[in-house]
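Engineer: Below: one structure in structure tokens.
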Amino acid sequence: METNFTERQSLETITGMIEQAKNYHRKGSLASYVFWGWMIAGLAVADFLLLTLVPSIRDNAHAVWALTLPAAVVNIFIQRRVDRQALVRTHINAIIGYIWTGFAISVWLFLAIVFTIAITTKTWFLMITLTPVIMLMLGMAQFATARACRLRSFLTGAIAFWAGAALSAACILSKYVELQFIILALCMILGFVVPAGALDRKASGDVQ
Amino acid sequence: MFSELDPLLHSQLRLAVMSLLLSAEEADFVYLREQTGSSAGNLSVQLDKLVQAGYIEVEKGFRGKTPRTVCRITPVGIAAFEQYVKALKDYIGN
């Protein structure tokens with residue numbers, strides 16, 4: 001036994017290391033976040049521009065969202081690269097991974113349900129719920145992520161998504177329906193790109 | 001009556017490594033070295049002692065062309081750590 005290592009120092013070592021592990025972040029580990037943030041924001045703006053500036057293709061403007069499928073494939077490669085470079089896989093990392101996997105499954109199922117109902121009943125009314133409901137789900141996943149890794153910027157993102165869901169619902173009920181896509185774009189930047197960038201800047205100051 | 005503090009864990013570097021591994025599913029040697037601020041040589045020696053006790057397992061492999069050492073805490077290690085913390089609480093509480 002090391003004679004100069006007291007019980008109190010021992011306790012300090014344990015709490016210090018656990019705290020250090022909780023706050024550890026490596027630059028670039030949120031590349032998927034940044035990718036999806038810009039991707040969805042870009043698609044939302046494209047949808048908005050097509051709806052407002054190109055009336056001739058108005059009915060097909062939403063087809064831009066089909067690009068999320070190849071984007072999902074690109075994201076697999078980005079995430080694989082991040083995982084290969086990771087020096088540690090914490091339990092919190094794993095939990096956050098499960099949260100976002102659950103989110104992705106929920107979104108795809110929700111889309112499948114809405115489209116199935118729309119096609120079989122020839123009622124397109126449910127389509128107007130897409131943006132607010134997906135933003136509510138984003139808010140929930142972001143909130144769980146923020147609480148798991150105790151990051152205030154992610155909590156701000158969750159609040160932005162919830163507020164965005166309410167605002168986009170208000171847009172749908174008003175005559176400014178297309179504005180929901182601008183709100184979605186802003187929320188994606190506020191909720192994904194900004195917090196990930198802030199965490200990367202913090203990591204740049206840490207030992208890599 | 002206090003239970004004896006596990007001499008293997010009652011060492012600053014080994015305890016730091018065990019605390020870090022307890023928070024992680026797996027951790028790279030480089031991560032442990034960065035977080036503990038220890039030298040590679042000293043860390044290697046201490047990891048070997050923990051492996052011999054069955055507290056951790058070490059997997060050596062490659063990431064691309066770079067050699068990589070990944071460490072994980074074992075159930076035996078978790079039990080030993082929990083016992084150590086319990087004994088520590090008794091010492092500090094009294």
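Identifiers in the structure tokens: chain A, B, ... in order shown; residue index from 1 per chain; ligand index from 1 in order shown.
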I need the contact residues of chain B against chain A, so if you could list those with any atom within 12 Å, counting only C-alpha atoms, and return them as an mmCIF file with N, CA and C atoms, in the first residue's frame, that would help.
Structural biologist:
```cif
data_model
loop_
_atom_site.group_PDB
_atom_site.id
_atom_site.type_symbol
_atom_site.label_atom_id
_atom_site.label_comp_id
_atom_site.auth_asym_id
_atom_site.auth_seq_id
_atom_site.Cartn_x
_atom_site.Cartn_y
_atom_site.Cartn_z
ATOM 1 N N GLU B 4 -10.013 -4.130 5.133
ATOM 2 C CA GLU B 4 -8.736 -3.694 4.551
ATOM 3 C C GLU B 4 -8.947 -3.059 3.178
ATOM 4 N N LEU B 5 -8.270 -1.933 2.928
ATOM 5 C CA LEU B 5 -8.343 -1.327 1.589
ATOM 6 C C LEU B 5 -7.505 -2.180 0.640
ATOM 7 N N ASP B 6 -8.075 -2.514 -0.491
ATOM 8 C CA ASP B 6 -7.385 -3.346 -1.485
ATOM 9 C C ASP B 6 -6.071 -2.665 -1.896
ATOM 10 N N PRO B 7 -4.925 -3.280 -1.573
ATOM 11 C CA PRO B 7 -3.626 -2.626 -1.864
ATOM 12 C C PRO B 7 -3.416 -2.372 -3.358
ATOM 13 N N LEU B 8 -4.040 -3.188 -4.171
ATOM 14 C CA LEU B 8 -3.866 -3.013 -5.622
ATOM 15 C C LEU B 8 -4.566 -1.745 -6.103
ATOM 16 N N LEU B 9 -5.682 -1.431 -5.447
ATOM 17 C CA LEU B 9 -6.416 -0.231 -5.862
ATOM 18 C C LEU B 9 -5.963 1.011 -5.097
ATOM 19 N N HIS B 10 -5.338 0.818 -3.939
ATOM 20 C CA HIS B 10 -4.925 1.969 -3.148
ATOM 21 C C HIS B 10 -3.592 2.541 -3.643
ATOM 22 N N SER B 11 -3.621 2.900 -4.910
ATOM 23 C CA SER B 11 -2.469 3.532 -5.562
ATOM 24 C C SER B 11 -3.075 4.559 -6.514
ATOM 25 N N GLN B 12 -2.534 5.762 -6.505
ATOM 26 C CA GLN B 12 -3.188 6.862 -7.234
ATOM 27 C C GLN B 12 -3.435 6.541 -8.712
ATOM 28 N N LEU B 13 -2.400 6.046 -9.394
ATOM 29 C CA LEU B 13 -2.552 5.821 -10.838
ATOM 30 C C LEU B 13 -3.507 4.662 -11.140
ATOM 31 N N ARG B 14 -3.353 3.559 -10.394
ATOM 32 C CA ARG B 14 -4.233 2.412 -10.652
ATOM 33 C C ARG B 14 -5.681 2.755 -10.328
ATOM 34 N N LEU B 15 -5.875 3.531 -9.254
ATOM 35 C CA LEU B 15 -7.240 3.925 -8.881
ATOM 36 C C LEU B 15 -7.827 4.872 -9.934
ATOM 37 N N ALA B 16 -6.991 5.772 -10.443
ATOM 38 C CA ALA B 16 -7.442 6.710 -11.487
ATOM 39 C C ALA B 16 -7.868 5.930 -12.730
ATOM 40 N N VAL B 17 -7.067 4.940 -13.104
ATOM 41 C CA VAL B 17 -7.385 4.127 -14.291
ATOM 42 C C VAL B 17 -8.702 3.382 -14.079
ATOM 43 N N MET B 18 -8.858 2.784 -12.904
ATOM 44 C CA MET B 18 -10.082 2.026 -12.618
ATOM 45 C C MET B 18 -11.302 2.957 -12.632
ATOM 46 N N SER B 19 -11.144 4.176 -12.094
ATOM 47 C CA SER B 19 -12.265 5.138 -12.068
ATOM 48 C C SER B 19 -12.648 5.540 -13.486
ATOM 49 N N LEU B 20 -11.647 5.741 -14.331
ATOM 50 C CA LEU B 20 -11.923 6.112 -15.727
ATOM 51 C C LEU B 20 -12.604 4.966 -16.465
ATOM 52 N N LEU B 21 -12.107 3.755 -16.234
ATOM 53 C CA LEU B 21 -12.669 2.596 -16.949
ATOM 54 C C LEU B 21 -14.084 2.266 -16.474
ATOM 55 N N LEU B 22 -14.369 2.643 -15.226
ATOM 56 C CA LEU B 22 -15.713 2.403 -14.700
ATOM 57 C C LEU B 22 -16.741 3.272 -15.439
ATOM 58 N N SER B 23 -16.288 4.439 -15.927
ATOM 59 C CA SER B 23 -17.205 5.348 -16.637
ATOM 60 C C SER B 23 -17.303 4.999 -18.121
ATOM 61 N N ALA B 24 -16.496 4.055 -18.559
ATOM 62 C CA ALA B 24 -16.439 3.793 -19.997
ATOM 63 C C ALA B 24 -16.704 2.325 -20.314
ATOM 64 N N GLU B 25 -17.231 2.088 -21.507
ATOM 65 C CA GLU B 25 -17.371 0.705 -21.965
ATOM 66 C C GLU B 25 -15.995 0.185 -22.355
ATOM 67 N N GLU B 26 -15.204 1.063 -22.989
ATOM 68 C CA GLU B 26 -13.821 0.730 -23.322
ATOM 69 C C GLU B 26 -13.051 2.028 -23.530
ATOM 70 N N ALA B 27 -11.754 1.968 -23.259
ATOM 71 C CA ALA B 27 -10.940 3.172 -23.401
ATOM 72 C C ALA B 27 -9.584 2.831 -23.978
ATOM 73 N N ASP B 28 -9.098 3.709 -24.818
ATOM 74 C CA ASP B 28 -7.800 3.544 -25.467
ATOM 75 C C ASP B 28 -6.681 3.887 -24.466
ATOM 76 N N PHE B 29 -5.539 3.254 -24.649
ATOM 77 C CA PHE B 29 -4.360 3.528 -23.814
ATOM 78 C C PHE B 29 -4.035 5.029 -23.838
ATOM 79 N N VAL B 30 -4.149 5.632 -25.033
ATOM 80 C CA VAL B 30 -3.820 7.066 -25.188
ATOM 81 C C VAL B 30 -4.751 7.929 -24.331
ATOM 82 N N TYR B 31 -6.026 7.547 -24.305
ATOM 83 C CA TYR B 31 -7.004 8.271 -23.493
ATOM 84 C C TYR B 31 -6.617 8.191 -22.006
ATOM 85 N N LEU B 32 -6.269 6.995 -21.547
ATOM 86 C CA LEU B 32 -5.905 6.816 -20.136
ATOM 87 C C LEU B 32 -4.661 7.635 -19.796
ATOM 88 N N ARG B 33 -3.704 7.653 -20.726
ATOM 89 C CA ARG B 33 -2.467 8.411 -20.503
ATOM 90 C C ARG B 33 -2.775 9.916 -20.436
ATOM 91 N N GLU B 34 -3.627 10.394 -21.357
ATOM 92 C CA GLU B 34 -3.994 11.816 -21.379
ATOM 93 C C GLU B 34 -4.721 12.225 -20.093
ATOM 94 N N GLN B 35 -5.672 11.408 -19.699
ATOM 95 C CA GLN B 35 -6.525 11.767 -18.565
ATOM 96 C C GLN B 35 -5.807 11.667 -17.225
ATOM 97 N N THR B 36 -4.867 10.713 -17.124
ATOM 98 C CA THR B 36 -4.164 10.552 -15.848
ATOM 99 C C THR B 36 -2.886 11.388 -15.796
ATOM 100 N N GLY B 37 -2.419 11.822 -16.955
ATOM 101 C CA GLY B 37 -1.196 12.621 -17.010
ATOM 102 C C GLY B 37 0.044 11.799 -16.675
ATOM 103 N N PHE B 62 -5.021 -3.099 -34.120
ATOM 104 C CA PHE B 62 -4.577 -2.016 -35.004
ATOM 105 C C PHE B 62 -5.744 -1.150 -35.416
ATOM 106 N N ARG B 63 -5.506 0.157 -35.491
ATOM 107 C CA ARG B 63 -6.468 1.074 -36.093
ATOM 108 C C ARG B 63 -5.805 1.549 -37.372
ATOM 109 N N GLY B 64 -6.204 0.965 -38.502
ATOM 110 C CA GLY B 64 -5.473 1.212 -39.743
ATOM 111 C C GLY B 64 -4.117 0.566 -39.599
ATOM 112 N N THR B 66 -1.899 1.854 -37.352
ATOM 113 C CA THR B 66 -1.401 2.253 -36.037
ATOM 114 C C THR B 66 -1.781 1.224 -34.979
ATOM 115 N N ARG B 68 -2.964 -0.263 -31.525
ATOM 116 C CA ARG B 68 -3.932 0.309 -30.595
ATOM 117 C C ARG B 68 -4.137 -0.639 -29.414
ATOM 118 N N THR B 69 -4.195 -0.070 -28.212
ATOM 119 C CA THR B 69 -4.449 -0.875 -27.023
ATOM 120 C C THR B 69 -5.740 -0.395 -26.377
ATOM 121 N N VAL B 70 -6.701 -1.295 -26.264
ATOM 122 C CA VAL B 70 -7.996 -0.926 -25.683
ATOM 123 C C VAL B 70 -8.168 -1.643 -24.347
ATOM 124 N N CYS B 71 -8.611 -0.894 -23.328
ATOM 125 C CA CYS B 71 -8.776 -1.474 -21.994
ATOM 126 C C CYS B 71 -10.243 -1.458 -21.580
ATOM 127 N N ARG B 72 -10.625 -2.516 -20.853
ATOM 128 C CA ARG B 72 -11.998 -2.614 -20.336
ATOM 129 C C ARG B 72 -11.943 -3.125 -18.909
ATOM 130 N N PHE B 81 -13.711 -2.742 -7.094
ATOM 131 C CA PHE B 81 -13.815 -1.279 -6.977
ATOM 132 C C PHE B 81 -14.933 -0.918 -5.994
ATOM 133 N N GLU B 82 -16.067 -1.605 -6.127
ATOM 134 C CA GLU B 82 -17.201 -1.329 -5.225
ATOM 135 C C GLU B 82 -16.817 -1.627 -3.772
ATOM 136 N N TYR B 84 -13.816 -1.580 -2.577
ATOM 137 C CA TYR B 84 -12.827 -0.574 -2.173
ATOM 138 C C TYR B 84 -13.537 0.709 -1.737
ATOM 139 N N VAL B 85 -14.542 1.137 -2.511
ATOM 140 C CA VAL B 85 -15.260 2.374 -2.195
ATOM 141 C C VAL B 85 -16.020 2.218 -0.868
ATOM 142 N N LYS B 86 -16.567 1.024 -0.654
ATOM 143 C CA LYS B 86 -17.308 0.769 0.589
ATOM 144 C C LYS B 86 -16.334 0.877 1.790
ATOM 145 N N ALA B 87 -15.172 0.258 1.651
ATOM 146 C CA ALA B 87 -14.180 0.314 2.722
ATOM 147 C C ALA B 87 -13.701 1.741 2.942
ATOM 148 N N LEU B 88 -13.560 2.462 1.840
ATOM 149 C CA LEU B 88 -13.105 3.855 1.910
ATOM 150 C C LEU B 88 -14.114 4.720 2.667
ATOM 151 N N LYS B 89 -15.378 4.478 2.406
ATOM 152 C CA LYS B 89 -16.444 5.232 3.082
ATOM 153 C C LYS B 89 -16.384 4.978 4.593
ATOM 154 N N ASP B 90 -16.121 3.711 4.968
ATOM 155 C CA ASP B 90 -16.025 3.373 6.372
ATOM 156 C C ASP B 90 -14.869 4.121 7.032
ATOM 157 N N TYR B 91 -13.737 4.168 6.342
ATOM 158 C CA TYR B 91 -12.557 4.874 6.870
ATOM 159 C C TYR B 91 -12.857 6.354 7.053
ATOM 160 N N ILE B 92 -13.419 6.964 6.015
ATOM 161 C CA ILE B 92 -13.651 8.411 6.033
ATOM 162 C C ILE B 92 -14.776 8.759 7.002
ATOM 163 N N GLY B 93 -15.803 7.913 7.036
ATOM 164 C CA GLY B 93 -16.933 8.139 7.936
ATOM 165 C C GLY B 93 -16.537 8.105 9.393
ATOM 166 N N ASN B 94 -15.476 7.379 9.666
ATOM 167 C CA ASN B 94 -15.037 7.290 11.087
ATOM 168 C C ASN B 94 -13.789 8.138 11.316
#
```
Engineer: Contacts of Met188 of chain A at 10 Å or less, counting only C-alpha atoms, minus same-chain residues fewer than 4 places along, as a list in words?
Structural biologist: Tyr33, Val34, Trp36, Gly37, Trp38, Met39, Ile40, Ala41, Gly42, Ala44, Met135, Leu138, Gly157, Ala160, Phe161, Gly164, Ile182, Ile183, Leu184, Phe192, Val193 and Val194 of chain A
Engineer: Could the residues in this selection be saved with C-alpha atoms as a CSV table (one decimal), in the first residue's frame?
Structural biologist:
```
chain,number,residue,atom,x,y,z
A,33,TYR,CA,-24.7,16.3,-35.6
A,34,VAL,CA,-23.1,19.0,-37.8
A,36,TRP,CA,-27.5,16.5,-40.2
A,37,GLY,CA,-27.8,20.0,-38.9
A,38,TRP,CA,-26.7,21.5,-42.2
A,39,MET,CA,-28.3,18.8,-44.3
A,40,ILE,CA,-31.8,19.3,-42.9
A,41,ALA,CA,-31.5,23.1,-42.8
A,42,GLY,CA,-30.4,23.1,-46.4
A,44,ALA,CA,-35.8,22.9,-45.5
A,135,MET,CA,-39.6,18.8,-34.3
A,138,LEU,CA,-36.2,16.2,-32.1
A,157,GLY,CA,-31.4,23.3,-28.7
A,160,ALA,CA,-35.6,25.7,-29.7
A,161,PHE,CA,-37.1,22.5,-31.2
A,164,GLY,CA,-40.2,25.6,-33.3
A,182,ILE,CA,-37.5,28.4,-42.4
A,183,ILE,CA,-38.3,27.7,-38.7
A,184,LEU,CA,-37.1,24.1,-39.1
A,192,PHE,CA,-27.5,20.8,-33.9
A,193,VAL,CA,-24.8,23.0,-35.5
A,194,VAL,CA,-24.3,25.6,-32.8
```
Engineer: Could you please write out, as a compact mmCIF listing (two decimals) with C-alpha atoms, in the first residue's frame, every residue of chain B that DSSP assigns to helix (DSSP H, G or I)?
Structural biologist:
```
# COMPACT_ATOMS: atom_id res chain seq x y z
CA GLN B 12 -3.19 6.86 -7.23
CA LEU B 13 -2.55 5.82 -10.84
CA ARG B 14 -4.23 2.41 -10.65
CA LEU B 15 -7.24 3.92 -8.88
CA ALA B 16 -7.44 6.71 -11.49
CA VAL B 17 -7.38 4.13 -14.29
CA MET B 18 -10.08 2.03 -12.62
CA SER B 19 -12.26 5.14 -12.07
CA LEU B 20 -11.92 6.11 -15.73
CA LEU B 21 -12.67 2.60 -16.95
CA LEU B 22 -15.71 2.40 -14.70
CA PHE B 29 -4.36 3.53 -23.81
CA VAL B 30 -3.82 7.07 -25.19
CA TYR B 31 -7.00 8.27 -23.49
CA LEU B 32 -5.91 6.82 -20.14
CA ARG B 33 -2.47 8.41 -20.50
CA GLU B 34 -3.99 11.82 -21.38
CA GLN B 35 -6.53 11.77 -18.57
CA THR B 36 -4.16 10.55 -15.85
CA ALA B 40 3.43 5.62 -21.07
CA GLY B 41 5.94 3.38 -19.30
CA ASN B 42 4.46 3.81 -15.84
CA LEU B 43 0.92 3.38 -17.15
CA SER B 44 1.92 0.16 -18.91
CA VAL B 45 3.36 -1.28 -15.70
CA GLN B 46 0.25 -0.38 -13.69
CA LEU B 47 -2.09 -1.77 -16.37
CA ASP B 48 -0.18 -5.06 -16.29
CA LYS B 49 -0.75 -5.32 -12.52
CA LEU B 50 -4.48 -4.72 -12.99
CA VAL B 51 -4.62 -7.31 -15.78
CA GLN B 52 -2.83 -9.89 -13.63
CA PRO B 75 -16.89 -7.79 -13.53
CA VAL B 76 -14.16 -8.81 -11.03
CA GLY B 77 -12.73 -5.29 -11.31
CA ILE B 78 -16.13 -3.69 -10.78
CA ALA B 79 -16.73 -5.81 -7.66
CA ALA B 80 -13.25 -4.98 -6.31
CA PHE B 81 -13.81 -1.28 -6.98
CA GLU B 82 -17.20 -1.33 -5.23
CA GLN B 83 -15.66 -3.11 -2.24
CA TYR B 84 -12.83 -0.57 -2.17
CA VAL B 85 -15.26 2.37 -2.19
CA LYS B 86 -17.31 0.77 0.59
CA ALA B 87 -14.18 0.31 2.72
CA LEU B 88 -13.11 3.85 1.91
CA LYS B 89 -16.44 5.23 3.08
CA ASP B 90 -16.02 3.37 6.37
CA TYR B 91 -12.56 4.87 6.87
CA ILE B 92 -13.65 8.41 6.03
CA GLY B 93 -16.93 8.14 7.94
```
Engineer: Report, in Å with one decimal, the straight-line distance from atom CA of Gln79 of chain A to atom CA of Leu43 of chain A.
Structural biologist: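 Taking atom CA of Gln79 of chain A as the start and atom CA of Leu43 of chain A as the end point, the length is 20.8 Å.
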Engineer: If you run DSSP over the backbone, which residues in chain B end up strand (DSSP E)? Put them as a list in words.
Structural biologist: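 Those residues are Ala24, Glu25, Glu26, Ala27, Asp28, Ile56, Glu57, Val58, Glu59, Lys60, Gly61, Phe62, Arg63, Thr66, Pro67, Arg68, Thr69, Val70, Cys71, Arg72 and Ile73 of chain B.
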Engineer: Find the residues near Ile128 of chain A: any atom within 12 Å, counting only C-alpha atoms, skip ones fewer than 2 places away on the same chain, and give them as a CSV table (one decimal) with N, CA, C and O atoms, in the first residue's frame.
Structural biologist:
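Result went into out-v1.csv, see below:
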```
chain,number,residue,atom,x,y,z
A,62,HIS,N,-41.7,19.1,-52.2
A,62,HIS,CA,-41.3,18.3,-51.1
A,62,HIS,C,-40.4,17.1,-51.5
A,62,HIS,O,-39.9,16.4,-50.6
A,111,LEU,N,-43.3,8.6,-40.5
A,111,LEU,CA,-43.4,8.9,-41.9
A,111,LEU,C,-44.2,7.8,-42.7
A,111,LEU,O,-45.1,8.1,-43.5
A,114,VAL,N,-47.9,8.0,-41.7
A,114,VAL,CA,-48.6,9.1,-42.3
A,114,VAL,C,-48.8,8.9,-43.8
A,114,VAL,O,-49.9,9.1,-44.4
A,115,PHE,N,-47.7,8.4,-44.5
A,115,PHE,CA,-47.8,8.3,-45.9
A,115,PHE,C,-48.8,7.1,-46.3
A,115,PHE,O,-49.6,7.2,-47.3
A,118,ALA,N,-52.2,8.5,-45.8
A,118,ALA,CA,-52.5,9.5,-46.9
A,118,ALA,C,-52.8,8.8,-48.2
A,118,ALA,O,-53.8,9.2,-48.9
A,123,THR,N,-56.3,11.1,-48.2
A,123,THR,CA,-56.5,12.3,-47.4
A,123,THR,C,-55.1,12.8,-47.0
A,123,THR,O,-54.3,12.1,-46.4
A,124,TRP,N,-54.8,14.0,-47.4
A,124,TRP,CA,-53.4,14.5,-47.3
A,124,TRP,C,-53.3,15.4,-46.0
A,124,TRP,O,-52.3,16.0,-45.7
A,125,PHE,N,-54.4,15.5,-45.3
A,125,PHE,CA,-54.5,16.4,-44.1
A,125,PHE,C,-53.3,16.1,-43.1
A,125,PHE,O,-52.7,17.0,-42.5
A,126,LEU,N,-53.1,14.8,-42.9
A,126,LEU,CA,-52.1,14.4,-41.9
A,126,LEU,C,-50.7,14.9,-42.2
A,126,LEU,O,-49.8,15.1,-41.3
A,130,LEU,N,-46.4,16.8,-40.2
A,130,LEU,CA,-45.0,16.3,-40.3
A,130,LEU,C,-44.0,17.1,-39.5
A,130,LEU,O,-43.3,16.7,-38.7
A,131,THR,N,-43.9,18.4,-39.9
A,131,THR,CA,-42.8,19.3,-39.4
A,131,THR,C,-43.0,19.4,-37.9
A,131,THR,O,-42.0,19.2,-37.1
A,132,PRO,N,-44.2,19.8,-37.4
A,132,PRO,CA,-44.3,20.0,-35.9
A,132,PRO,C,-44.0,18.7,-35.1
A,132,PRO,O,-43.3,18.7,-34.1
A,133,VAL,N,-44.5,17.6,-35.6
A,133,VAL,CA,-44.3,16.3,-34.8
A,133,VAL,C,-42.8,15.9,-34.8
A,133,VAL,O,-42.3,15.5,-33.8
A,134,ILE,N,-42.2,16.0,-36.0
A,134,ILE,CA,-40.8,15.7,-36.1
A,134,ILE,C,-40.0,16.6,-35.2
A,134,ILE,O,-39.0,16.2,-34.5
A,165,ALA,N,-41.6,23.7,-32.9
A,165,ALA,CA,-42.8,22.9,-33.2
A,165,ALA,C,-44.1,23.7,-33.0
A,165,ALA,O,-45.0,23.7,-33.9
A,168,SER,N,-44.2,26.4,-35.9
A,168,SER,CA,-44.6,25.8,-37.2
A,168,SER,C,-46.0,25.4,-37.3
A,168,SER,O,-46.7,25.5,-38.3
A,169,ALA,N,-46.6,24.9,-36.1
A,169,ALA,CA,-48.0,24.6,-36.1
A,169,ALA,C,-48.8,25.9,-36.3
A,169,ALA,O,-49.8,25.9,-37.0
A,170,ALA,N,-48.3,27.0,-35.7
A,170,ALA,CA,-49.0,28.2,-35.9
A,170,ALA,C,-49.0,28.7,-37.3
A,170,ALA,O,-50.0,29.2,-37.9
A,171,CYS,N,-47.8,28.4,-38.0
A,171,CYS,CA,-47.7,28.8,-39.4
A,171,CYS,C,-48.7,28.0,-40.2
A,171,CYS,O,-49.3,28.6,-41.2
A,172,ILE,N,-48.8,26.7,-39.9
A,172,ILE,CA,-49.7,25.9,-40.7
A,172,ILE,C,-51.2,26.4,-40.6
A,172,ILE,O,-51.9,26.4,-41.5
A,173,LEU,N,-51.5,26.9,-39.4
A,173,LEU,CA,-52.9,27.4,-39.2
A,173,LEU,C,-53.1,28.8,-39.8
A,173,LEU,O,-54.2,29.2,-39.9
A,177,VAL,N,-47.9,29.1,-44.5
A,177,VAL,CA,-47.5,27.7,-44.3
A,177,VAL,C,-46.1,27.4,-44.6
A,177,VAL,O,-45.4,26.6,-43.8
A,178,GLU,N,-45.5,28.0,-45.6
A,178,GLU,CA,-44.1,27.7,-46.0
A,178,GLU,C,-43.1,28.1,-45.0
A,178,GLU,O,-42.0,27.6,-45.0
A,180,GLN,N,-42.9,27.4,-42.1
A,180,GLN,CA,-42.5,26.3,-41.2
A,180,GLN,C,-41.1,25.7,-41.5
A,180,GLN,O,-40.3,25.2,-40.7
A,181,PHE,N,-40.7,25.8,-42.8
A,181,PHE,CA,-39.4,25.2,-43.3
A,181,PHE,C,-38.3,26.1,-42.9
A,181,PHE,O,-37.2,25.7,-42.6
```
Engineer: What is the distance, in Å and to one decimal place, between atom CA of Ala196 of chain A and atom CA of Met137 of chain A?
Structural biologist: 18.9 Å
Engineer: What does the structure give for the distance between atom CA of Leu136 of chain A and atom CA of Ile159 of chain A, in Å to one decimal?
Structural biologist: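 The value is 9.8 Å.
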